[in-house]
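Source file: my_file15.pdb (PDB, C-alpha atoms)
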```pdb
MODEL        1
ATOM      1  CA  MET A   1      82.067 172.150 171.076
ATOM      2  CA  ARG A   2      78.955 172.337 173.206
ATOM      3  CA  GLY A   3      79.083 171.998 176.983
ATOM      4  CA  VAL A   4      81.208 168.926 177.628
ATOM      5  CA  THR A   5      80.882 167.789 181.215
ATOM      6  CA  GLY A   6      81.912 164.334 182.361
ATOM      7  CA  ARG A   7      84.285 161.873 180.676
ATOM      8  CA  LEU A   8      85.232 162.621 177.061
ATOM      9  CA  MET A   9      86.506 159.830 174.796
ATOM     10  CA  LEU A  10      88.373 160.805 171.620
ATOM     11  CA  LEU A  11      88.939 158.217 168.902
ATOM     12  CA  ASP A  12      91.911 158.445 166.545
ATOM     13  CA  THR A  13      89.597 156.921 163.973
ATOM     14  CA  ALA A  14      92.002 156.120 161.121
ATOM     15  CA  SER A  15      94.470 154.504 163.523
ATOM     16  CA  LEU A  16      91.651 152.304 164.833
ATOM     17  CA  TYR A  17      90.103 151.287 161.506
ATOM     18  CA  PHE A  18      93.572 150.389 160.180
ATOM     19  CA  ARG A  19      93.973 148.103 163.193
ATOM     20  CA  ALA A  20      90.496 146.672 162.687
ATOM     21  CA  TYR A  21      91.287 146.036 159.009
ATOM     22  CA  PHE A  22      94.424 144.068 159.831
ATOM     23  CA  GLY A  23      92.900 142.386 162.888
ATOM     24  CA  VAL A  24      89.623 141.103 161.394
ATOM     25  CA  PRO A  25      89.653 138.570 158.498
ATOM     26  CA  GLU A  26      88.897 139.952 155.039
ATOM     27  CA  SER A  27      86.421 137.073 154.656
ATOM     28  CA  ILE A  28      83.934 139.287 156.556
ATOM     29  CA  LYS A  29      81.963 140.608 153.573
ATOM     30  CA  ALA A  30      78.816 142.492 152.598
ATOM     31  CA  PRO A  31      76.074 140.642 150.675
ATOM     32  CA  ASP A  32      77.637 141.861 147.397
ATOM     33  CA  GLY A  33      81.029 140.372 148.340
ATOM     34  CA  THR A  34      82.733 143.670 149.338
ATOM     35  CA  PRO A  35      85.002 143.238 152.395
ATOM     36  CA  VAL A  36      83.632 145.043 155.458
ATOM     37  CA  ASN A  37      86.157 143.775 158.004
ATOM     38  CA  ALA A  38      87.318 147.301 158.947
ATOM     39  CA  VAL A  39      83.716 148.532 159.316
ATOM     40  CA  ARG A  40      82.608 145.602 161.482
ATOM     41  CA  GLY A  41      85.859 145.588 163.446
ATOM     42  CA  LEU A  42      85.595 149.299 164.256
ATOM     43  CA  LEU A  43      81.944 148.968 165.371
ATOM     44  CA  ASP A  44      82.903 146.049 167.656
ATOM     45  CA  PHE A  45      85.764 148.111 169.037
ATOM     46  CA  ILE A  46      83.558 151.140 169.768
ATOM     47  CA  ASP A  47      81.029 148.829 171.430
ATOM     48  CA  ARG A  48      83.748 147.437 173.699
ATOM     49  CA  LEU A  49      85.106 150.909 174.517
ATOM     50  CA  VAL A  50      81.678 152.241 175.503
ATOM     51  CA  LYS A  51      80.930 149.123 177.582
ATOM     52  CA  ASP A  52      84.257 149.140 179.403
ATOM     53  CA  HIS A  53      84.828 152.870 179.907
ATOM     54  CA  ARG A  54      81.351 154.451 179.867
ATOM     55  CA  PRO A  55      82.225 157.866 178.389
ATOM     56  CA  ASP A  56      79.656 160.670 178.601
ATOM     57  CA  HIS A  57      80.924 162.138 175.325
ATOM     58  CA  LEU A  58      82.434 160.434 172.279
ATOM     59  CA  VAL A  59      84.095 161.979 169.209
ATOM     60  CA  ALA A  60      85.442 160.124 166.179
ATOM     61  CA  CYS A  61      88.340 162.389 165.155
ATOM     62  CA  MET A  62      89.246 162.263 161.447
ATOM     63  CA  ASP A  63      92.223 163.144 159.238
ATOM     64  CA  ALA A  64      90.830 165.872 156.970
ATOM     65  CA  ASP A  65      94.468 166.226 155.876
ATOM     66  CA  TRP A  66      96.801 163.405 156.925
ATOM     67  CA  ARG A  67      99.931 165.312 155.748
ATOM     68  CA  PRO A  68      99.306 169.057 156.172
ATOM     69  CA  ALA A  69     101.326 171.359 153.909
ATOM     70  CA  TRP A  70     102.380 173.522 156.871
ATOM     71  CA  ARG A  71     104.164 170.509 158.386
ATOM     72  CA  VAL A  72     105.687 169.414 155.055
ATOM     73  CA  ASP A  73     106.959 172.965 154.424
ATOM     74  CA  LEU A  74     108.957 172.720 157.656
ATOM     75  CA  ILE A  75     110.179 169.105 157.237
ATOM     76  CA  PRO A  76     109.749 167.916 153.614
ATOM     77  CA  SER A  77     110.356 164.249 154.566
ATOM     78  CA  TYR A  78     107.290 164.292 156.865
ATOM     79  CA  LYS A  79     105.273 161.158 155.949
ATOM     80  CA  ALA A  80     106.724 161.385 152.402
ATOM     81  CA  HIS A  81     107.203 157.597 152.139
ATOM     82  CA  ARG A  82     103.451 157.085 152.645
ATOM     83  CA  VAL A  83     102.318 159.243 149.703
ATOM     84  CA  ALA A  84     100.512 157.241 146.995
ATOM     85  CA  VAL A  85      99.433 160.158 144.764
ATOM     86  CA  GLU A  86     100.667 163.761 144.950
ATOM     87  CA  HIS A  87      98.247 166.639 144.290
ATOM     88  CA  THR A  88      99.217 170.237 143.545
ATOM     89  CA  SER A  89      95.996 171.452 145.164
ATOM     90  CA  GLY A  90      94.440 169.659 148.117
ATOM     91  CA  PRO A  91      95.882 166.892 150.311
ATOM     92  CA  ASP A  92      98.099 164.143 148.859
ATOM     93  CA  GLU A  93      96.606 160.659 148.844
ATOM     94  CA  GLU A  94      97.936 158.227 151.425
ATOM     95  CA  GLU A  95      98.899 154.684 150.523
ATOM     96  CA  VAL A  96      95.978 152.600 151.790
ATOM     97  CA  PRO A  97      95.231 148.900 151.082
ATOM     98  CA  ASP A  98      92.915 148.527 148.063
ATOM     99  CA  THR A  99      90.201 146.773 150.063
ATOM    100  CA  LEU A 100      90.306 149.313 152.929
ATOM    101  CA  SER A 101      89.765 152.529 150.903
ATOM    102  CA  PRO A 102      86.149 151.685 149.912
ATOM    103  CA  GLN A 103      85.286 150.920 153.545
ATOM    104  CA  VAL A 104      86.150 154.417 154.830
ATOM    105  CA  PRO A 105      83.055 156.181 153.387
ATOM    106  CA  VAL A 106      80.914 153.350 154.801
ATOM    107  CA  ILE A 107      82.456 153.878 158.249
ATOM    108  CA  GLU A 108      81.742 157.614 158.005
ATOM    109  CA  SER A 109      78.112 157.066 156.929
ATOM    110  CA  VAL A 110      77.472 154.545 159.712
ATOM    111  CA  LEU A 111      78.969 156.796 162.417
ATOM    112  CA  ASP A 112      76.838 159.703 161.165
ATOM    113  CA  ALA A 113      73.641 157.625 161.121
ATOM    114  CA  VAL A 114      74.327 156.245 164.609
ATOM    115  CA  GLY A 115      74.851 159.815 165.838
ATOM    116  CA  ILE A 116      78.480 159.571 166.977
ATOM    117  CA  ALA A 117      80.102 163.000 166.514
ATOM    118  CA  ARG A 118      82.655 162.874 163.681
ATOM    119  CA  VAL A 119      85.091 165.780 163.376
ATOM    120  CA  GLY A 120      87.784 166.512 160.813
ATOM    121  CA  VAL A 121      89.063 170.017 160.066
ATOM    122  CA  ALA A 122      90.613 171.078 156.743
ATOM    123  CA  GLY A 123      94.386 171.487 156.969
ATOM    124  CA  TYR A 124      94.730 169.396 160.145
ATOM    125  CA  GLU A 125      95.314 165.808 161.179
ATOM    126  CA  ALA A 126      93.116 163.886 163.604
ATOM    127  CA  ASP A 127      95.925 164.311 166.183
ATOM    128  CA  ASP A 128      95.397 168.086 166.050
ATOM    129  CA  VAL A 129      91.632 167.721 166.468
ATOM    130  CA  ILE A 130      92.299 165.461 169.470
ATOM    131  CA  GLY A 131      94.800 167.971 170.859
ATOM    132  CA  THR A 132      92.290 170.810 170.644
ATOM    133  CA  PHE A 133      89.394 168.853 172.174
ATOM    134  CA  THR A 134      91.763 167.816 174.976
ATOM    135  CA  ALA A 135      92.906 171.405 175.583
ATOM    136  CA  ARG A 136      89.296 172.577 175.850
ATOM    137  CA  ALA A 137      87.992 169.704 177.994
ATOM    138  CA  THR A 138      87.040 170.454 181.585
ATOM    139  CA  GLY A 139      86.754 166.821 182.725
ATOM    140  CA  PRO A 140      88.741 163.602 182.264
ATOM    141  CA  VAL A 141      89.757 162.570 178.728
ATOM    142  CA  ASP A 142      90.431 159.114 177.284
ATOM    143  CA  ILE A 143      92.323 159.217 173.962
ATOM    144  CA  VAL A 144      92.063 155.926 172.062
ATOM    145  CA  THR A 145      94.891 155.579 169.558
ATOM    146  CA  GLY A 146      97.523 153.241 168.190
ATOM    147  CA  ASP A 147      99.782 156.261 167.609
ATOM    148  CA  ARG A 148     102.357 156.942 170.336
ATOM    149  CA  ASP A 149     102.648 160.591 169.191
ATOM    150  CA  LEU A 150      99.603 161.323 171.338
ATOM    151  CA  TYR A 151     101.437 160.320 174.525
ATOM    152  CA  GLN A 152     102.454 164.000 174.590
ATOM    153  CA  LEU A 153      98.907 164.837 175.763
ATOM    154  CA  VAL A 154      98.997 162.556 178.832
ATOM    155  CA  ASP A 155      98.447 164.706 181.923
ATOM    156  CA  ASP A 156      97.610 163.139 185.299
ATOM    157  CA  ALA A 157      96.623 166.479 186.849
ATOM    158  CA  ARG A 158      93.903 166.939 184.215
ATOM    159  CA  GLY A 159      92.898 163.250 184.009
ATOM    160  CA  VAL A 160      94.110 162.843 180.411
ATOM    161  CA  ARG A 161      95.316 159.346 179.500
ATOM    162  CA  VAL A 162      95.889 157.330 176.348
ATOM    163  CA  LEU A 163      94.225 153.951 175.815
ATOM    164  CA  TYR A 164      96.677 152.188 173.497
ATOM    165  CA  PRO A 165      95.708 148.912 171.762
ATOM    166  CA  VAL A 166      98.524 146.432 172.398
ATOM    167  CA  LYS A 167      96.959 143.384 170.748
ATOM    168  CA  GLY A 168      94.522 143.937 167.889
ATOM    169  CA  VAL A 169      91.852 146.174 169.335
ATOM    170  CA  GLY A 170      90.825 143.946 172.213
ATOM    171  CA  THR A 171      93.543 144.643 174.784
ATOM    172  CA  LEU A 172      94.154 148.245 175.808
ATOM    173  CA  GLN A 173      97.047 149.649 177.797
ATOM    174  CA  ALA A 174      95.969 152.629 179.900
ATOM    175  CA  THR A 175      98.916 155.009 179.674
ATOM    176  CA  ASP A 176      99.355 157.613 182.398
ATOM    177  CA  GLU A 177     102.439 159.588 183.454
ATOM    178  CA  ALA A 178     103.771 156.749 185.641
ATOM    179  CA  ALA A 179     103.652 154.387 182.638
ATOM    180  CA  LEU A 180     105.452 156.954 180.457
ATOM    181  CA  ARG A 181     108.170 157.569 183.041
ATOM    182  CA  GLU A 182     108.704 153.842 183.481
ATOM    183  CA  LYS A 183     108.990 153.128 179.749
ATOM    184  CA  TYR A 184     110.494 156.358 178.347
ATOM    185  CA  GLY A 185     111.842 158.297 181.322
ATOM    186  CA  VAL A 186     109.651 161.345 180.537
ATOM    187  CA  ASP A 187     106.172 162.597 181.351
ATOM    188  CA  GLY A 188     103.539 163.642 178.814
ATOM    189  CA  ARG A 189     104.991 167.129 178.328
ATOM    190  CA  GLY A 190     108.445 165.673 177.698
ATOM    191  CA  TYR A 191     107.319 163.073 175.188
ATOM    192  CA  ALA A 192     107.209 165.427 172.165
ATOM    193  CA  ASP A 193     110.796 166.559 172.837
ATOM    194  CA  LEU A 194     111.884 162.930 173.217
ATOM    195  CA  ALA A 195     110.193 162.028 169.923
ATOM    196  CA  LEU A 196     111.729 164.860 167.912
ATOM    197  CA  LEU A 197     115.224 164.209 169.304
ATOM    198  CA  ARG A 198     115.228 160.459 168.598
ATOM    199  CA  GLY A 199     113.252 160.794 165.334
ATOM    200  CA  ASP A 200     110.481 158.582 163.993
ATOM    201  CA  PRO A 201     111.000 156.703 160.698
ATOM    202  CA  SER A 202     107.261 155.902 160.457
ATOM    203  CA  ASP A 203     106.557 159.655 160.205
ATOM    204  CA  GLY A 204     109.670 160.546 158.200
ATOM    205  CA  LEU A 205     111.195 162.510 161.100
ATOM    206  CA  PRO A 206     114.998 162.285 160.922
ATOM    207  CA  GLY A 207     115.761 163.104 164.556
ATOM    208  CA  VAL A 208     119.270 164.103 165.676
ATOM    209  CA  PRO A 209     121.839 161.656 164.262
ATOM    210  CA  GLY A 210     123.444 159.641 167.069
ATOM    211  CA  ILE A 211     120.836 160.635 169.687
ATOM    212  CA  GLY A 212     118.676 157.607 170.427
ATOM    213  CA  GLU A 213     115.767 157.244 172.822
ATOM    214  CA  LYS A 214     117.838 156.564 175.955
ATOM    215  CA  THR A 215     120.266 159.425 175.326
ATOM    216  CA  ALA A 216     117.353 161.775 174.584
ATOM    217  CA  ALA A 217     115.663 160.747 177.851
ATOM    218  CA  ARG A 218     118.914 161.319 179.799
ATOM    219  CA  LEU A 219     119.389 164.770 178.264
ATOM    220  CA  LEU A 220     115.798 165.731 179.077
ATOM    221  CA  ALA A 221     116.177 164.467 182.657
ATOM    222  CA  GLU A 222     119.309 166.611 183.056
ATOM    223  CA  PHE A 223     118.290 169.787 181.215
ATOM    224  CA  GLY A 224     114.481 169.783 181.457
ATOM    225  CA  ASP A 225     113.331 170.315 177.891
ATOM    226  CA  LEU A 226     114.583 171.038 174.370
ATOM    227  CA  ALA A 227     115.232 174.707 175.175
ATOM    228  CA  GLY A 228     117.282 173.665 178.218
ATOM    229  CA  ILE A 229     119.291 171.192 176.125
ATOM    230  CA  MET A 230     120.085 173.828 173.483
ATOM    231  CA  ALA A 231     121.076 176.308 176.214
ATOM    232  CA  ALA A 232     123.464 173.616 177.484
ATOM    233  CA  VAL A 233     124.938 173.263 173.988
ATOM    234  CA  ASP A 234     125.778 176.987 174.091
ATOM    235  CA  ASP A 235     127.292 176.814 177.579
ATOM    236  CA  PRO A 236     130.795 175.288 177.515
ATOM    237  CA  LYS A 237     130.573 174.521 181.264
ATOM    238  CA  THR A 238     127.740 171.972 180.900
ATOM    239  CA  LYS A 239     128.431 168.241 181.046
ATOM    240  CA  LEU A 240     127.704 167.358 177.430
ATOM    241  CA  THR A 241     130.140 165.062 175.668
ATOM    242  CA  PRO A 242     131.921 166.703 172.716
ATOM    243  CA  SER A 243     130.078 164.379 170.300
ATOM    244  CA  GLN A 244     126.650 165.211 171.807
ATOM    245  CA  ARG A 245     127.426 168.924 171.683
ATOM    246  CA  GLY A 246     128.533 168.632 168.051
ATOM    247  CA  ARG A 247     125.520 166.574 166.988
ATOM    248  CA  LEU A 248     122.998 168.875 168.644
ATOM    249  CA  ASP A 249     124.757 171.977 167.325
ATOM    250  CA  GLY A 250     124.739 170.530 163.793
ATOM    251  CA  ALA A 251     121.042 169.712 164.051
ATOM    252  CA  ARG A 252     119.957 173.301 164.840
ATOM    253  CA  PRO A 253     118.064 173.849 161.544
ATOM    254  CA  TYR A 254     116.016 170.679 162.180
ATOM    255  CA  LEU A 255     115.507 171.413 165.890
ATOM    256  CA  ALA A 256     114.273 174.928 165.084
ATOM    257  CA  VAL A 257     111.280 173.585 163.119
ATOM    258  CA  ALA A 258     110.692 170.099 164.554
ATOM    259  CA  PRO A 259     108.681 171.209 167.615
ATOM    260  CA  LYS A 260     105.954 172.748 165.436
ATOM    261  CA  VAL A 261     105.777 169.563 163.345
ATOM    262  CA  VAL A 262     105.811 167.086 166.230
ATOM    263  CA  ARG A 263     103.603 168.883 168.741
ATOM    264  CA  VAL A 264      99.895 168.518 168.095
ATOM    265  CA  ALA A 265      97.945 171.719 167.570
ATOM    266  CA  ALA A 266      95.717 172.948 170.380
ATOM    267  CA  ASP A 267      94.020 175.747 168.443
ATOM    268  CA  VAL A 268      92.133 173.981 165.628
ATOM    269  CA  PRO A 269      88.870 175.796 164.702
ATOM    270  CA  LEU A 270      86.499 173.028 165.821
ATOM    271  CA  PRO A 271      82.933 173.011 164.497
ATOM    272  CA  ASP A 272      80.028 173.237 166.907
ATOM    273  CA  VAL A 273      79.045 169.581 167.363
ATOM    274  CA  ASP A 274      76.993 167.641 169.869
ATOM    275  CA  THR A 275      79.525 165.262 171.419
ATOM    276  CA  ALA A 276      77.108 163.555 173.838
ATOM    277  CA  LEU A 277      77.085 159.758 173.585
ATOM    278  CA  PRO A 278      73.975 158.939 171.521
ATOM    279  CA  ARG A 279      71.351 156.775 173.215
ATOM    280  CA  ALA A 280      69.388 156.121 170.010
ATOM    281  CA  PRO A 281      70.349 156.359 166.305
ATOM    282  CA  ARG A 282      70.281 159.846 164.777
ATOM    283  CA  ASP A 283      68.937 158.517 161.462
ATOM    284  CA  PRO A 284      67.285 155.101 161.971
ATOM    285  CA  ALA A 285      66.112 154.811 158.333
ATOM    286  CA  ALA A 286      69.580 155.502 156.905
ATOM    287  CA  LEU A 287      71.128 153.121 159.427
ATOM    288  CA  GLU A 288      68.705 150.321 158.499
ATOM    289  CA  GLU A 289      69.591 150.784 154.829
ATOM    290  CA  LEU A 290      73.337 150.783 155.569
ATOM    291  CA  ALA A 291      73.019 147.677 157.768
ATOM    292  CA  ALA A 292      71.199 145.768 155.022
ATOM    293  CA  ARG A 293      73.466 146.896 152.178
ATOM    294  CA  TRP A 294      76.736 146.224 153.986
ATOM    295  CA  GLY A 295      75.707 143.275 156.145
ATOM    296  CA  LEU A 296      76.610 144.933 159.428
ATOM    297  CA  GLY A 297      74.593 142.402 161.425
ATOM    298  CA  GLY A 298      75.625 141.650 164.986
ATOM    299  CA  SER A 299      78.367 144.298 165.113
ATOM    300  CA  LEU A 300      75.892 147.145 164.670
ATOM    301  CA  GLN A 301      73.192 145.540 166.841
ATOM    302  CA  ARG A 302      75.602 145.058 169.732
ATOM    303  CA  LEU A 303      76.737 148.702 169.547
ATOM    304  CA  LEU A 304      73.157 150.004 169.438
ATOM    305  CA  ALA A 305      72.212 147.819 172.420
ATOM    306  CA  THR A 306      75.202 149.120 174.394
ATOM    307  CA  LEU A 307      74.398 152.741 173.558
ATOM    308  CA  SER A 308      70.771 152.374 174.634
ATOM    309  CA  ALA A 309      71.624 150.560 177.899
TER     310      ALA A 309
ENDMDL
END
```
With the file now loaded, output its structure as structure tokens.
Amino acid sequence: MRGVTGRLMLLDTASLYFRAYFGVPESIKAPDGTPVNAVRGLLDFIDRLVKDHRPDHLVACMDADWRPAWRVDLIPSYKAHRVAVEHTSGPDEEEVPDTLSPQVPVIESVLDAVGIARVGVAGYEADDVIGTFTARATGPVDIVTGDRDLYQLVDDARGVRVLYPVKGVGTLQATDEAALREKYGVDGRGYADLALLRGDPSDGLPGVPGIGEKTAARLLAEFGDLAGIMAAVDDPKTKLTPSQRGRLDGARPYLAVAPKVVRVAADVPLPDVDTALPRAPRDPAALEELAARWGLGGSLQRLLATLSA
């Protein structure tokens, strides 16, 4: 990660191209009839992000492994319901719509030819790449994601916020600590504890039975963090109801491993990449060929015009 000064924007790329795929009609096709709605939608989205937020640095963060074995070893149900094909060596294959899968390599090739840094690291999810870039950043950070898990990185003191698409990819909610406290009753640091206590069916995280979001937020407000809550379980003088004490006590095996699964890594071995926002395409010839083959038309032209402005 070369000298990053100024505003850094980190894209949770898979989250965004999934949204583009479902938000843009599949009738958007290449000359050969292949749907390119996710490709065009993502390019339009990046164009809008650069126009509206003017980052100095931009990284498309990728899932080199969307379900890392080290997380599954700790909680076997982690994302299990989303596995399409299991592999004994290498990452399992995620269930992805048939007409989206072929668009992913096109997205990767176009980003590379434009010159937008694209980073995925073996054994880690995009969230972990984002977590590590954020930990190393010296300036403000905008994380663009449709995944609430990354709310845990929000930090007003460091200028880290999440831009969350609330409608398609056109309307973004800028999430800072005030927004988190208003909606969830916790700040960025507390969000991971909230998430692991209440659970998350979309990620296969069971949570603590009988502890929902509001109860989790109340416990965190009273006892500070997960360690404080578990210390309260062990102290008979604390004001936990008998049922809360019993549920938390019974969930100790889960609560011992859940933090490592839920918290994003901050120590991923990132490659040395140039994250500066490109002003001109890195590989104009390759980009011209991709544009013609896949019919990228106005979406690509608009992005290139915005980058060169």
Quiz item: What lies within 8 Å of Ala195 in chain A using all atoms listed in the file, ignoring chain neighbours under 3 positions off, as a list of chain:residue names?
Solution: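 Residues meeting the cut-off are A:Asp149, A:Tyr191, A:Ala192, A:Arg198, A:Gly199, A:Asp200, A:Gly207, A:Glu213, A:Val262.
Closest approach to Ile28 in chain A among A:Ile46, A:Leu153, A:Leu296, A:Ala179: A:Leu296, based on all atoms listed in the file.
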Quiz item: Taking into account all atoms listed in the file, which residue in the set A:Gly139, A:Pro76, A:Gly146, A:Pro35 is nearest to Gln103 in chain A?
Solution: A:Pro35
Quiz item: Taking all atoms listed in the file into account, which of A:His81, A:Ala38, A:Asp156, A:Thr138 comes nearest Thr99 in chain A?
Solution: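 Ranked by minimum distance to Thr99 in chain A, first place goes to A:Ala38.
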Quiz item: Counting only C-alpha atoms, which of A:Ala309, A:Asp65, A:Ile75, A:Thr145 gets nearest to Leu172 in chain A?
Solution: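 Between A:Ala309, A:Asp65, A:Ile75, A:Thr145, the residue approaching Leu172 in chain A most closely is A:Thr145.
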Self-check item: 10 Å contact set for Ser15 in chain A, only C-alpha atoms, chain neighbours under 2 positions out, as a list in words
Solution: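 Counting only C-alpha atoms, the residues come to Leu11, Asp12, Thr13, Tyr17, Phe18, Arg19, Ala20, Met62, Asp63, Ala126, Val144, Thr145, Gly146 and Asp147 of chain A.
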Quiz item: Expressed in Å to a single decimal, how great is the separation between CA of Pro68 in chain A and CA of Tyr124 in chain A?
Solution: 6.1 Å
Quiz item: Mind telling me what the PyMOL selection byres ((chain A and resi 29) around 12) catches here, as a PyMOL selection string?
Solution: chain A and resi 24-28+30-41+99+103+293-297
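The list of residues within 9 Å of (118.5, 165.9, 177.3), counted using only C-alpha atoms, is A:Asp193, A:Leu194, A:Leu197, A:Thr215, A:Ala216, A:Ala217, A:Arg218, A:Leu219, A:Leu220, A:Ala221, A:Glu222, A:Phe223, A:Gly224, A:Asp225, A:Leu226, A:Gly228, A:Ile229, A:Met230.
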